[in-house]
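**Student:** My structure file input-v1.txt, compact mmCIF, C-alpha atoms, is below:
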# COMPACT_ATOMS: atom_id res chain seq x y z
CA MET A 1 17.96 -2.79 5.42
CA ILE A 2 16.09 -5.90 4.22
CA GLU A 3 17.32 -8.24 1.49
CA VAL A 4 15.06 -11.04 0.22
CA ARG A 5 16.51 -13.51 -2.26
CA ASP A 6 14.55 -16.33 -3.90
CA LEU A 7 12.19 -16.66 -0.92
CA THR A 8 9.86 -19.66 -1.09
CA LYS A 9 7.37 -20.88 1.52
CA PHE A 10 5.29 -24.05 1.39
CA TYR A 11 2.36 -25.04 3.61
CA GLY A 12 2.40 -28.77 3.02
CA ALA A 13 2.04 -29.16 -0.74
CA GLU A 14 0.75 -25.61 -1.21
CA ARG A 15 3.30 -23.01 -2.32
CA ALA A 16 2.27 -19.72 -0.71
CA VAL A 17 5.37 -17.73 -1.74
CA ASP A 18 7.19 -18.58 -4.96
CA HIS A 19 10.84 -17.52 -5.36
CA ILE A 20 10.43 -13.78 -4.73
CA SER A 21 13.35 -11.34 -4.40
CA PHE A 22 13.39 -7.68 -3.36
CA ASP A 23 15.24 -5.14 -1.22
CA VAL A 24 13.96 -2.51 1.21
CA ARG A 25 16.20 0.50 1.69
CA PRO A 26 16.71 2.33 5.00
CA GLY A 27 14.11 5.05 5.55
CA GLU A 28 11.82 3.75 2.79
CA VAL A 29 8.04 3.39 3.06
CA LEU A 30 7.20 0.30 1.01
CA GLY A 31 3.66 -0.62 0.01
CA PHE A 32 3.17 -4.40 -0.21
CA LEU A 33 0.05 -5.24 -2.24
CA GLY A 34 -1.76 -8.31 -3.48
CA PRO A 35 -5.17 -10.02 -3.54
CA ASN A 36 -6.28 -12.16 -0.62
CA GLY A 37 -4.21 -15.34 -0.57
CA ALA A 38 -1.41 -13.85 -2.68
CA GLY A 39 1.27 -14.49 -0.03
CA LYS A 40 1.62 -11.04 1.57
CA THR A 41 1.02 -12.04 5.19
CA THR A 42 3.18 -15.16 4.81
CA THR A 43 6.05 -13.01 3.53
CA MET A 44 5.66 -10.59 6.43
CA LYS A 45 5.64 -13.45 8.93
CA VAL A 46 8.91 -14.75 7.46
CA LEU A 47 10.45 -11.27 7.66
CA THR A 48 9.43 -10.96 11.32
CA CYS A 49 10.62 -14.49 12.20
CA TYR A 50 7.16 -15.83 12.98
CA LEU A 51 7.65 -18.44 10.24
CA PRO A 52 10.84 -19.98 8.79
CA PRO A 53 11.29 -19.88 5.02
CA THR A 54 11.17 -23.18 3.15
CA SER A 55 14.05 -21.99 0.97
CA GLY A 56 15.78 -18.79 -0.02
CA THR A 57 17.52 -16.13 2.04
CA VAL A 58 16.16 -13.24 4.10
CA LEU A 59 18.67 -10.81 5.62
CA VAL A 60 17.72 -8.00 7.98
CA ASP A 61 20.54 -5.54 8.59
CA GLY A 62 22.87 -8.26 7.30
CA MET A 63 21.53 -10.96 9.67
CA ASP A 64 19.87 -14.16 8.44
CA VAL A 65 16.37 -14.59 9.91
CA ARG A 66 17.03 -18.30 10.55
CA GLU A 67 20.38 -17.91 12.25
CA HIS A 68 19.77 -14.66 14.18
CA SER A 69 16.05 -14.75 14.87
CA LEU A 70 16.08 -12.96 18.25
CA ALA A 71 18.47 -10.25 17.05
CA VAL A 72 16.29 -9.62 13.99
CA ARG A 73 13.13 -9.36 16.12
CA ARG A 74 14.77 -6.68 18.24
CA LEU A 75 15.12 -4.55 15.11
CA MET A 76 11.43 -4.81 14.22
CA GLY A 77 8.06 -3.55 15.31
CA TYR A 78 5.21 -5.66 13.99
CA LEU A 79 1.51 -4.83 13.86
CA PRO A 80 -0.33 -7.90 12.52
CA GLU A 81 -3.74 -7.67 10.90
CA HIS A 82 -5.48 -8.57 14.16
CA THR A 83 -4.04 -6.19 16.75
CA PRO A 84 -2.52 -8.18 19.65
CA LEU A 85 -4.06 -6.42 22.63
CA TYR A 86 -5.04 -7.69 26.08
CA GLN A 87 -8.55 -6.28 26.27
CA GLY A 88 -8.84 -6.32 30.07
CA MET A 89 -5.66 -4.32 30.70
CA VAL A 90 -5.41 -0.58 31.21
CA THR A 91 -3.63 1.00 28.23
CA TYR A 92 -0.70 2.29 30.30
CA ASP A 93 -0.19 -1.11 31.99
CA TYR A 94 -0.32 -2.87 28.63
CA LEU A 95 2.36 -0.61 27.17
CA MET A 96 4.47 -1.07 30.28
CA PHE A 97 4.15 -4.84 29.81
CA ALA A 98 5.04 -4.53 26.09
CA ALA A 99 8.09 -2.43 26.96
CA ALA A 100 9.27 -5.05 29.46
CA MET A 101 8.78 -7.87 26.94
CA ARG A 102 10.71 -5.86 24.35
CA GLY A 103 13.68 -5.44 26.69
CA VAL A 104 13.33 -1.71 27.33
CA PRO A 105 15.32 -0.94 30.53
CA ARG A 106 13.06 -0.36 33.53
CA GLU A 107 14.25 3.22 34.03
CA HIS A 108 13.35 4.12 30.42
CA ARG A 109 9.89 2.53 30.15
CA ALA A 110 7.84 5.45 31.42
CA THR A 111 9.72 7.80 29.10
CA ARG A 112 9.06 5.55 26.11
CA ILE A 113 5.35 5.31 26.95
CA LYS A 114 5.15 9.10 27.16
CA ALA A 115 6.88 9.41 23.79
CA MET A 116 4.55 6.84 22.16
CA ALA A 117 1.51 8.55 23.67
CA GLU A 118 2.56 11.76 21.95
CA VAL A 119 3.49 10.20 18.61
CA CYS A 120 0.40 7.97 18.41
CA GLY A 121 -2.04 10.42 20.00
CA ILE A 122 -3.17 8.15 22.84
CA GLY A 123 -2.40 10.36 25.85
CA ALA A 124 -6.11 10.78 26.61
CA VAL A 125 -6.71 7.01 26.91
CA LEU A 126 -3.66 5.84 28.86
CA GLY A 127 -5.84 5.43 31.97
CA LYS A 128 -8.65 3.56 30.19
CA LYS A 129 -9.12 -0.17 29.69
CA ILE A 130 -8.39 -1.34 26.17
CA ASP A 131 -11.82 -2.95 25.74
CA ALA A 132 -13.40 0.49 26.29
CA LEU A 133 -11.46 2.08 23.43
CA SER A 134 -12.73 2.75 19.92
CA LYS A 135 -11.32 0.74 17.01
CA GLY A 136 -9.22 3.73 15.97
CA TYR A 137 -7.66 4.09 19.41
CA ARG A 138 -7.00 0.34 19.63
CA GLN A 139 -5.10 0.56 16.34
CA ARG A 140 -3.09 3.46 17.76
CA VAL A 141 -2.29 1.44 20.87
CA GLY A 142 -1.21 -1.43 18.59
CA LEU A 143 1.15 0.93 16.77
CA ALA A 144 2.49 2.17 20.10
CA GLN A 145 3.34 -1.37 21.24
CA ALA A 146 5.04 -2.05 17.90
CA MET A 147 7.26 1.01 18.36
CA ILE A 148 7.75 0.97 22.13
CA HIS A 149 11.34 -0.30 21.82
CA ASP A 150 12.17 2.25 19.07
CA PRO A 151 12.88 -0.27 16.28
CA PRO A 152 14.39 0.93 12.99
CA ILE A 153 11.93 -1.25 10.99
CA LEU A 154 8.15 -1.21 11.25
CA ILE A 155 5.94 -3.81 9.53
CA LEU A 156 2.21 -3.07 9.37
CA ASP A 157 -0.30 -5.63 8.08
CA GLU A 158 -3.65 -4.00 7.20
CA PRO A 159 -3.37 -1.27 9.88
CA THR A 160 -6.60 0.48 8.84
CA THR A 161 -8.89 -2.57 8.63
CA GLY A 162 -12.30 -1.77 10.10
CA LEU A 163 -11.65 1.94 10.59
CA ASP A 164 -14.01 4.70 9.50
CA PRO A 165 -12.84 7.29 6.91
CA ASN A 166 -11.75 9.81 9.55
CA GLN A 167 -9.76 7.17 11.44
CA ILE A 168 -8.13 5.99 8.19
CA VAL A 169 -6.90 9.53 7.50
CA GLU A 170 -5.53 9.79 11.04
CA ILE A 171 -3.63 6.48 10.81
CA ARG A 172 -2.38 7.38 7.30
CA GLU A 173 -0.92 10.65 8.58
CA LEU A 174 0.65 8.82 11.49
CA ILE A 175 2.29 6.31 9.14
CA LYS A 176 3.66 9.13 6.97
CA GLN A 177 5.10 10.78 10.09
CA ILE A 178 6.70 7.52 11.24
CA GLY A 179 8.09 6.92 7.74
CA ARG A 180 10.28 10.02 8.01
CA GLU A 181 12.42 8.23 10.60
CA LYS A 182 11.96 4.48 10.09
CA THR A 183 11.84 1.83 7.39
CA VAL A 184 8.17 0.90 6.98
CA ILE A 185 6.52 -1.99 5.13
CA LEU A 186 2.79 -1.41 4.75
CA SER A 187 0.30 -4.02 3.54
CA THR A 188 -3.19 -2.76 2.76
CA HIS A 189 -6.09 -3.11 0.33
CA ILE A 190 -6.77 0.64 0.41
CA LEU A 191 -4.83 1.66 -2.70
CA PRO A 192 -5.21 5.47 -2.36
CA GLU A 193 -3.54 5.03 1.03
CA VAL A 194 -0.52 3.43 -0.67
CA GLN A 195 -0.46 6.11 -3.35
CA ALA A 196 -0.45 8.83 -0.69
CA SER A 197 1.98 7.24 1.76
CA CYS A 198 4.48 4.98 0.01
CA ASP A 199 7.77 5.69 -1.78
CA ARG A 200 7.68 2.35 -3.58
CA VAL A 201 5.22 -0.46 -4.28
CA LEU A 202 5.56 -4.24 -4.60
CA ILE A 203 2.65 -6.24 -6.00
CA ILE A 204 2.49 -9.99 -5.34
CA HIS A 205 0.13 -12.33 -7.18
CA ARG A 206 -0.22 -16.09 -6.63
CA GLY A 207 2.99 -16.08 -4.61
CA LYS A 208 5.05 -14.32 -7.29
CA LEU A 209 6.29 -10.74 -7.45
CA VAL A 210 4.66 -9.11 -10.50
CA ALA A 211 5.55 -5.42 -10.07
CA ASP A 212 8.16 -3.31 -8.28
CA GLY A 213 8.45 0.46 -8.64
CA THR A 214 7.28 3.86 -7.47
CA PRO A 215 3.52 4.51 -7.74
CA ARG A 216 4.15 6.96 -10.59
CA ASP A 217 6.39 4.53 -12.49
CA LEU A 218 3.83 1.74 -12.20
CA GLN A 219 1.02 4.02 -13.38
CA GLN A 220 3.04 5.03 -16.43
CA SER A 221 4.25 1.50 -17.23
CA PHE A 222 0.85 -0.17 -17.06
CA SER A 223 -1.46 2.62 -18.23
CA GLY A 224 -1.82 1.09 -21.72
CA GLY A 225 -1.32 4.38 -23.56
CA GLN A 226 -2.88 7.78 -22.90
CA ARG A 227 -6.51 8.33 -21.95
CA ILE A 228 -8.42 11.51 -22.68
CA VAL A 229 -11.75 12.54 -21.18
CA PHE A 230 -13.73 14.43 -23.80
CA GLY A 231 -17.06 16.01 -22.81
CA LEU A 232 -19.52 17.40 -25.34
CA ALA A 233 -22.92 19.10 -25.18
CA GLN A 234 -25.46 18.69 -27.99
CA ALA A 235 -23.03 17.15 -30.49
CA ASP A 236 -24.06 15.06 -33.49
CA ALA A 237 -22.37 12.14 -35.27
CA VAL A 238 -19.53 12.02 -32.73
CA ASP A 239 -18.88 8.27 -32.95
CA GLU A 240 -18.70 8.34 -36.72
CA THR A 241 -16.44 11.41 -36.77
CA LEU A 242 -14.06 9.94 -34.19
CA ALA A 243 -13.92 6.65 -36.15
CA LYS A 244 -12.95 8.54 -39.33
CA TRP A 245 -10.41 10.63 -37.39
CA GLY A 246 -8.77 7.36 -36.32
CA ARG A 247 -6.32 8.75 -33.77
CA ALA A 248 -8.09 7.37 -30.67
CA ARG A 249 -10.60 4.67 -29.72
CA ILE A 250 -13.71 5.11 -27.60
CA LEU A 251 -13.14 3.30 -24.32
CA ASP A 252 -16.24 4.50 -22.50
CA ARG A 253 -19.25 6.73 -23.09
CA LYS A 254 -21.54 8.19 -20.41
CA GLN A 255 -24.67 10.25 -20.85
CA ASP A 256 -25.52 12.89 -18.24
CA GLY A 257 -28.52 14.98 -19.22
CA GLY A 258 -27.60 16.87 -22.36
CA GLU A 259 -23.88 16.10 -21.97
CA THR A 260 -21.98 13.10 -23.29
CA VAL A 261 -18.61 12.28 -21.74
CA TYR A 262 -16.27 10.09 -23.76
CA THR A 263 -13.15 8.37 -22.46
CA LEU A 264 -10.77 7.90 -25.37
CA THR A 265 -7.63 5.80 -25.46
CA SER A 266 -4.66 5.98 -27.81
CA ASP A 267 -1.29 4.26 -28.10
CA GLU A 268 0.28 7.46 -29.45
CA SER A 269 2.74 9.24 -27.15
CA ALA A 270 1.91 12.73 -28.50
CA ASP A 271 -0.69 14.73 -26.57
CA LEU A 272 -3.89 14.56 -28.65
CA ARG A 273 -5.82 17.25 -26.78
CA PRO A 274 -4.91 20.15 -29.15
CA GLU A 275 -6.04 18.11 -32.18
CA LEU A 276 -9.25 17.07 -30.42
CA PHE A 277 -9.94 20.72 -29.63
CA ARG A 278 -9.49 21.67 -33.29
CA LEU A 279 -11.70 18.73 -34.35
CA ALA A 280 -14.45 19.96 -32.00
CA VAL A 281 -14.20 23.47 -33.45
CA GLU A 282 -14.38 22.16 -37.03
CA GLN A 283 -17.46 20.05 -36.21
CA GLY A 284 -19.16 22.82 -34.24
CA TRP A 285 -19.22 20.75 -31.06
CA THR A 286 -19.57 22.47 -27.68
CA LEU A 287 -16.79 21.25 -25.38
CA THR A 288 -17.61 20.85 -21.69
CA GLU A 289 -14.33 19.21 -20.63
CA LEU A 290 -11.06 18.00 -22.13
CA HIS A 291 -8.27 16.51 -20.03
CA ARG A 292 -5.87 13.61 -19.85
CA GLN A 293 -6.64 10.81 -17.43
CA GLN A 294 -3.75 8.95 -15.82
CA ALA A 295 -4.21 5.33 -14.78
CA ASN A 296 -4.31 5.10 -11.00
CA LEU A 297 -2.83 2.41 -8.79
CA GLU A 298 -6.16 0.60 -8.69
CA ASP A 299 -6.08 0.23 -12.49
CA VAL A 300 -2.54 -1.17 -12.31
CA PHE A 301 -3.49 -3.56 -9.50
CA ARG A 302 -6.49 -4.92 -11.41
CA GLN A 303 -4.48 -5.29 -14.60
CA LEU A 304 -1.77 -7.31 -12.87
CA THR A 305 -3.88 -9.49 -10.60
CA ALA A 306 -7.38 -9.89 -12.05
CA THR A 307 -6.82 -11.85 -15.26
CA GLN A 308 -3.22 -12.60 -16.12
CA PRO A 309 -1.18 -15.43 -14.60
CA ALA A 310 1.66 -14.45 -12.28
CA GLN A 311 4.88 -13.40 -14.01
CA SER A 312 8.23 -11.99 -13.00
CA ALA A 313 8.39 -8.52 -11.45
CA ALA A 314 8.41 -5.49 -13.71
CA ALA A 315 10.77 -2.71 -12.61
Before anything else, please render the file you have as structure tokens.

**Tutor:**
Amino acid sequence: MIEVRDLTKFYGAERAVDHISFDVRPGEVLGFLGPNGAGKTTTMKVLTCYLPPTSGTVLVDGMDVREHSLAVRRLMGYLPEHTPLYQGMVTYDYLMFAAAMRGVPREHRATRIKAMAEVCGIGAVLGKKIDALSKGYRQRVGLAQAMIHDPPILILDEPTTGLDPNQIVEIRELIKQIGREKTVILSTHILPEVQASCDRVLIIHRGKLVADGTPRDLQQSFSGGQRIVFGLAQADAVDETLAKWGRARILDRKQDGGETVYTLTSDESADLRPELFRLAVEQGWTLTELHRQQANLEDVFRQLTATQPAQSAAA
């Protein structure tokens, strides 16, 4: 549905996007991640024809964004980070205006507004002014305007910014529902949201693409070996015994009352839990917990963007 090849964007002498390439398949929910200033919003603005690329090629449904800008825009719904709402308008009137601007035939506009009210859950506020709505409802109205013309592609830039936890869950469920029918690109800093909603993840750092894969694949690729959480009550000489055992290193140690919880790490692929259990029995230790800990998307994100310079994408 979207093909990006060697995309580069300069602002004067500053290179915001540096020769990135990726595809987005029809019906895919793609998480687009990166630190502030990494180039995410610039890339989205190029995809939506708000900005021209400096070099490279961007095709949407086979059409070049430079040569077929208007046709590409018709295929897209775009919710930028700051929701583009006219605060003094009544919600229904605003959506009617958005439908007209998007080229929805006059006889179909009311039907589309009714459909968006149902999908986005805004039926109760259609008669209210936008400036009287909560942040959560304003985000829903922003989603409704992005989808009013029934585009096959939806691009969402930080759609849950400023929402409370309940509103975030509501918008997340709405995005998952939309993703069953449309191609969605979602940019957000809330990584559990990406893990719960997205089929695939791209991570951009300093303008370069540094990771591309499913959340599970990225967690496995960048986990740095297995981690085991190992809790003990009233155990003696644990550090010395584990050092002699030599199969795992102590990554972290936390004391909670009479319990000590170790996080161990090992480069071995074999599951070390059975051997740790036997070691505890031999030493007379009282186990309180023993389980493997998988690196989450936040761990991967920090590993790729916090310290290392930008590199080519890892599949």

**Student:** Quote the spacing between atom CA of Gln87 of chain A and atom CA of Glu193 of chain A in Å to one decimal place.

**Tutor:**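 Separation of atom CA of Gln87 of chain A and atom CA of Glu193 of chain A: 28.1 Å.
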
**Student:** Fewer than 2 positions away in the same chain doesn't count, so skip those; otherwise give me all residues within 9 Å of Arg172 of chain A, counting only C-alpha atoms, as a JSON list (two decimals) with C-alpha atoms, in the coordinates of the input.

**Tutor:**
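Contents of around.json, as written:
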[["chain", "number", "residue", "atom", "x", "y", "z"],
["A", 160, "THR", "CA", -6.60, 0.48, 8.84],
["A", 167, "GLN", "CA", -9.76, 7.17, 11.44],
["A", 168, "ILE", "CA", -8.13, 5.99, 8.19],
["A", 169, "VAL", "CA", -6.90, 9.53, 7.50],
["A", 170, "GLU", "CA", -5.53, 9.79, 11.04],
["A", 174, "LEU", "CA", 0.65, 8.82, 11.49],
["A", 175, "ILE", "CA", 2.29, 6.31, 9.14],
["A", 176, "LYS", "CA", 3.66, 9.13, 6.97],
["A", 177, "GLN", "CA", 5.10, 10.78, 10.09],
["A", 193, "GLU", "CA", -3.54, 5.03, 1.03],
["A", 196, "ALA", "CA", -0.45, 8.83, -0.69],
["A", 197, "SER", "CA", 1.98, 7.24, 1.76]]

**Student:** Out of A:Arg140, A:Glu3, A:Gly284, A:Val261, which residue has the shortest atom-to-atom distance to Glu173 of chain A when counting only C-alpha atoms?

**Tutor:**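 Closest to Glu173 of chain A, using only C-alpha atoms: A:Arg140.
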
**Student:** Excluding Val201 of chain A and its own-chain neighbours fewer than 3 positions away, which residues fall within 10 Å of it when counting only C-alpha atoms? Please give them as a ChimeraX atom specification.

**Tutor:** /A:29-33,185-187,194-195,198,204,211-218,297

**Student:** Using C-alpha atoms, can you export the residues from the last selection as a CSV table (one decimal), keeping the file's coordinate frame?

**Tutor:**
chain,number,residue,atom,x,y,z
A,29,VAL,CA,8.0,3.4,3.1
A,30,LEU,CA,7.2,0.3,1.0
A,31,GLY,CA,3.7,-0.6,0.0
A,32,PHE,CA,3.2,-4.4,-0.2
A,33,LEU,CA,0.0,-5.2,-2.2
A,185,ILE,CA,6.5,-2.0,5.1
A,186,LEU,CA,2.8,-1.4,4.8
A,187,SER,CA,0.3,-4.0,3.5
A,194,VAL,CA,-0.5,3.4,-0.7
A,195,GLN,CA,-0.5,6.1,-3.4
A,198,CYS,CA,4.5,5.0,0.0
A,204,ILE,CA,2.5,-10.0,-5.3
A,211,ALA,CA,5.6,-5.4,-10.1
A,212,ASP,CA,8.2,-3.3,-8.3
A,213,GLY,CA,8.4,0.5,-8.6
A,214,THR,CA,7.3,3.9,-7.5
A,215,PRO,CA,3.5,4.5,-7.7
A,216,ARG,CA,4.2,7.0,-10.6
A,217,ASP,CA,6.4,4.5,-12.5
A,218,LEU,CA,3.8,1.7,-12.2
A,297,LEU,CA,-2.8,2.4,-8.8

**Student:** Tell me which protein, DNA and RNA residues are within 7 Å of segment 233-249 of chain A, counting all atoms listed in the file, leaving out same-chain ones fewer than 4 positions away, and put them as a list in words.

**Tutor:** Gly258, Glu259, Thr260, Leu264, Thr265, Ser266, Trp285, Thr286, Leu287 and Thr288 of chain A

**Student:** Need the shell around Leu95 of chain A: protein/DNA/RNA residues with any atom at most 10 Å away, counting all atoms listed in the file. Skip same-chain ones fewer than 4 positions apart. Format as a PyMOL selection string?

**Tutor:** chain A and resi 85+89-91+99-101+109-110+112-113+116-117+126+141-142+144-146+148

**Student:** Choose the residue, out of A:Met44, A:Leu59, A:Cys49, A:Val229, that has the smallest atom-to-atom separation from Asp23 of chain A; count only C-alpha atoms.

**Tutor:** A:Leu59

**Student:** A:Gln226, A:Gln139, A:Thr41, A:Ser134: which is nearest Thr161 of chain A, counting all atoms listed in the file?

**Tutor:** A:Gln139

**Student:** Mind working out the centre and edge lengths of an axis-aligned box for segment 149-154 of chain A, all listed atoms inside, 8 Å added to each side, rounded to one decimal in Å and written as JSON?

**Tutor:**
{"center_x": 11.3, "center_y": 0.5, "center_z": 16.4, "size_x": 22.2, "size_y": 19.5, "size_z": 26.8}

**Student:** Tell me, in Å to one decimal, how far atom CA of Phe22 of chain A is from atom CA of Val4 of chain A.

**Tutor:** 5.2 Å

**Student:** To one decimal place in Å, what is the distance between atom CA of Arg66 of chain A and atom CA of Leu156 of chain A?

**Tutor:**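 Here the two named atoms are 21.3 Å from each other.
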